[in-house]
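Since the structure comes first, as structure tokens, the remarks are kept for the end.
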Amino acid sequence: MQEIKQLPLPDDGFLFIHTPFCGTCHVARSFLQKIEMTHKEEIFLEMNGSLFPEFMQENKIESVPCLLIVKDGEIKEKIYTFHSVAHIYHYVFEYKPELFAR
């Protein structure tokens, strides 16, 4: 995963928001890393929410971990529950179907 160190964000993609001492964030990251390992490419960007408090407030991020789905510069969904790798795959398939066409 590529770490975001400054804003603005890309117009399309997945942004994983975490904080360093969040145990649930570490579990969620492992799910995302498994997906990236399967596809052998970086799919998710990640951001330490602690470093961007204005962004967190402006975008009404309620908690971490959070997976933002951004399309055409607009936040389409905020995922707060990381049930399983398959659960996250559902969103990857919906928003990045080209990853499965290869």
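Convention: chains lettered A, B, ... in structure tokens order; per-chain residue numbering from 1; ligands numbered from 1 as shown.
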
Need the shell around region 67-70 of chain A: protein/DNA/RNA residues with any atom at most 8 Å away, counting only C-alpha atoms. Skip same-chain ones fewer than 6 positions apart. Format as a PyMOL selection string? chain A and resi 11-17+76-80

DSSP on the backbone, helix (DSSP H, G or I) only: what residues of chain A does that give? Format it as a PyMOL selection string. chain A and resi 23-39+49-51+53-58+85-95+97-100

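Residues in contact with Pro10 (chain A) at 10 Å, where only C-alpha atoms are counted and same-chain residues fewer than 5 positions away are skipped, are listed as Ile4, Leu15, Leu45, Val70, Lys71, Asp72, Gly73 and Glu74 of chain A.
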
Which distance in Å separates CA of Phe93 (chain A) and CA of Ile43 (chain A), to one decimal?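 Straight-line distance from CA of Phe93 (chain A) to CA of Ile43 (chain A) works out to 11.7 Å.
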
With only C-alpha atoms as the counted atoms, please give the residues lying no more than 10 Å from Thr19 (chain A), apart from itself and same-chain residues fewer than 3 positions off, as a ChimeraX atom specification. /A:22-26,47-51,63-65

Saved selection, atoms kept: N, CA and C atoms, as a PDB file, in the first residue's frame:
ATOM      1  N   CYS A  22      -4.175   1.535  16.507  1.00  0.00           N
ATOM      2  CA  CYS A  22      -5.490   0.896  16.402  1.00  0.00           C
ATOM      3  C   CYS A  22      -5.303  -0.572  16.028  1.00  0.00           C
ATOM      4  N   GLY A  23      -5.655  -1.464  16.941  1.00  0.00           N
ATOM      5  CA  GLY A  23      -5.525  -2.899  16.678  1.00  0.00           C
ATOM      6  C   GLY A  23      -6.409  -3.369  15.550  1.00  0.00           C
ATOM      7  N   THR A  24      -7.628  -2.874  15.498  1.00  0.00           N
ATOM      8  CA  THR A  24      -8.550  -3.256  14.430  1.00  0.00           C
ATOM      9  C   THR A  24      -8.024  -2.792  13.076  1.00  0.00           C
ATOM     10  N   CYS A  25      -7.340  -1.664  13.061  1.00  0.00           N
ATOM     11  CA  CYS A  25      -6.751  -1.161  11.821  1.00  0.00           C
ATOM     12  C   CYS A  25      -5.693  -2.135  11.288  1.00  0.00           C
ATOM     13  N   HIS A  26      -4.934  -2.743  12.181  1.00  0.00           N
ATOM     14  CA  HIS A  26      -3.908  -3.702  11.760  1.00  0.00           C
ATOM     15  C   HIS A  26      -4.540  -4.941  11.129  1.00  0.00           C
ATOM     16  N   MET A  47      -3.733   6.223   4.625  1.00  0.00           N
ATOM     17  CA  MET A  47      -3.491   7.514   5.240  1.00  0.00           C
ATOM     18  C   MET A  47      -3.628   7.385   6.752  1.00  0.00           C
ATOM     19  N   ASN A  48      -2.668   7.929   7.465  1.00  0.00           N
ATOM     20  CA  ASN A  48      -2.749   8.009   8.916  1.00  0.00           C
ATOM     21  C   ASN A  48      -3.684   9.166   9.252  1.00  0.00           C
ATOM     22  N   GLY A  49      -4.876   8.848   9.707  1.00  0.00           N
ATOM     23  CA  GLY A  49      -5.878   9.864  10.008  1.00  0.00           C
ATOM     24  C   GLY A  49      -5.445  10.857  11.067  1.00  0.00           C
ATOM     25  N   SER A  50      -4.526  10.456  11.942  1.00  0.00           N
ATOM     26  CA  SER A  50      -4.033  11.348  12.991  1.00  0.00           C
ATOM     27  C   SER A  50      -3.294  12.554  12.421  1.00  0.00           C
ATOM     28  N   LEU A  51      -2.740  12.397  11.227  1.00  0.00           N
ATOM     29  CA  LEU A  51      -1.964  13.481  10.617  1.00  0.00           C
ATOM     30  C   LEU A  51      -2.814  14.451   9.811  1.00  0.00           C
ATOM     31  N   SER A  63     -14.883   6.949  12.369  1.00  0.00           N
ATOM     32  CA  SER A  63     -13.968   6.108  13.139  1.00  0.00           C
ATOM     33  C   SER A  63     -12.971   5.466  12.190  1.00  0.00           C
ATOM     34  N   VAL A  64     -11.983   4.840  12.763  1.00  0.00           N
ATOM     35  CA  VAL A  64     -11.014   4.060  11.993  1.00  0.00           C
ATOM     36  C   VAL A  64     -11.099   2.623  12.488  1.00  0.00           C
ATOM     37  N   PRO A  65     -10.818   1.671  11.630  1.00  0.00           N
ATOM     38  CA  PRO A  65     -10.436   1.826  10.242  1.00  0.00           C
ATOM     39  C   PRO A  65     -11.610   2.263   9.377  1.00  0.00           C
TER      40      PRO A  65
END

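The gap separating CA of His83 (chain A) from CA of Phe100 (chain A) is 21.4 Å, in Å to one decimal.
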
Of the residues A:Val27, A:Met1, A:Leu9, A:Leu32, which is the one nearest to Tyr91 (chain A), using only C-alpha atoms? A:Leu32

Would you compute the distance between CA of Val85 (chain A) and CA of Arg29 (chain A)? Give it in Å to one decimal.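 Separation between CA of Val85 (chain A) and CA of Arg29 (chain A): 10.2 Å.
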
Write down as a CSV table (one decimal) with N, CA and C atoms, in the first residue's frame the residues of chain A whose backbone DSSP state falls under strand (DSSP E or B).
chain,number,residue,atom,x,y,z
A,2,GLN,N,0.4,2.2,-0.7
A,2,GLN,CA,1.2,3.5,-0.8
A,2,GLN,C,0.6,4.4,0.3
A,3,GLU,N,1.5,5.0,1.1
A,3,GLU,CA,1.1,5.9,2.1
A,3,GLU,C,0.9,7.3,1.6
A,13,GLY,N,-10.3,5.7,-6.6
A,13,GLY,CA,-9.6,4.6,-5.9
A,13,GLY,C,-10.1,4.4,-4.5
A,14,PHE,N,-9.3,3.6,-3.8
A,14,PHE,CA,-9.6,3.2,-2.4
A,14,PHE,C,-8.6,3.9,-1.5
A,15,LEU,N,-9.1,4.5,-0.4
A,15,LEU,CA,-8.2,5.1,0.6
A,15,LEU,C,-8.5,4.4,1.9
A,16,PHE,N,-7.5,3.8,2.5
A,16,PHE,CA,-7.6,3.1,3.8
A,16,PHE,C,-7.1,4.1,4.8
A,17,ILE,N,-8.0,4.5,5.7
A,17,ILE,CA,-7.6,5.5,6.8
A,17,ILE,C,-7.5,4.7,8.1
A,18,HIS,N,-6.4,4.9,8.8
A,18,HIS,CA,-6.1,4.2,10.0
A,18,HIS,C,-5.4,5.1,11.0
A,44,PHE,N,-4.8,-0.2,-2.9
A,44,PHE,CA,-5.2,0.7,-1.9
A,44,PHE,C,-4.2,1.7,-1.5
A,45,LEU,N,-4.6,3.0,-1.3
A,45,LEU,CA,-3.8,4.0,-0.7
A,45,LEU,C,-4.1,4.0,0.8
A,46,GLU,N,-3.2,4.4,1.6
A,46,GLU,CA,-3.4,4.5,3.0
A,46,GLU,C,-3.0,5.8,3.6
A,47,MET,N,-3.7,6.2,4.6
A,47,MET,CA,-3.5,7.5,5.2
A,47,MET,C,-3.6,7.4,6.8
A,48,ASN,N,-2.7,7.9,7.5
A,48,ASN,CA,-2.7,8.0,8.9
A,48,ASN,C,-3.7,9.2,9.3
A,66,CYS,N,-11.3,2.9,8.3
A,66,CYS,CA,-12.3,3.4,7.3
A,66,CYS,C,-11.7,3.2,5.9
A,67,LEU,N,-12.5,2.6,5.0
A,67,LEU,CA,-12.1,2.5,3.6
A,67,LEU,C,-13.0,3.4,2.8
A,68,LEU,N,-12.4,4.5,2.3
A,68,LEU,CA,-13.1,5.4,1.4
A,68,LEU,C,-13.0,4.9,0.0
A,69,ILE,N,-14.2,5.0,-0.7
A,69,ILE,CA,-14.2,4.7,-2.1
A,69,ILE,C,-14.5,6.0,-2.8
A,70,VAL,N,-13.5,6.4,-3.6
A,70,VAL,CA,-13.5,7.7,-4.3
A,70,VAL,C,-13.7,7.4,-5.8
A,71,LYS,N,-14.6,8.1,-6.4
A,71,LYS,CA,-14.9,8.0,-7.8
A,71,LYS,C,-15.1,9.4,-8.4
A,74,GLU,N,-15.2,12.2,-5.9
A,74,GLU,CA,-16.3,12.3,-4.9
A,74,GLU,C,-16.3,11.0,-4.1
A,75,ILE,N,-16.5,11.1,-2.8
A,75,ILE,CA,-16.5,9.9,-1.9
A,75,ILE,C,-17.9,9.3,-2.2
A,76,LYS,N,-17.8,8.0,-2.7
A,76,LYS,CA,-19.0,7.2,-3.0
A,76,LYS,C,-19.5,6.4,-1.8
A,77,GLU,N,-18.5,5.8,-1.0
A,77,GLU,CA,-18.9,5.0,0.1
A,77,GLU,C,-17.8,5.1,1.2
A,78,LYS,N,-18.2,4.9,2.4
A,78,LYS,CA,-17.3,4.8,3.6
A,78,LYS,C,-17.6,3.5,4.2
A,79,ILE,N,-16.6,2.6,4.2
A,79,ILE,CA,-16.7,1.3,4.8
A,79,ILE,C,-16.0,1.3,6.2
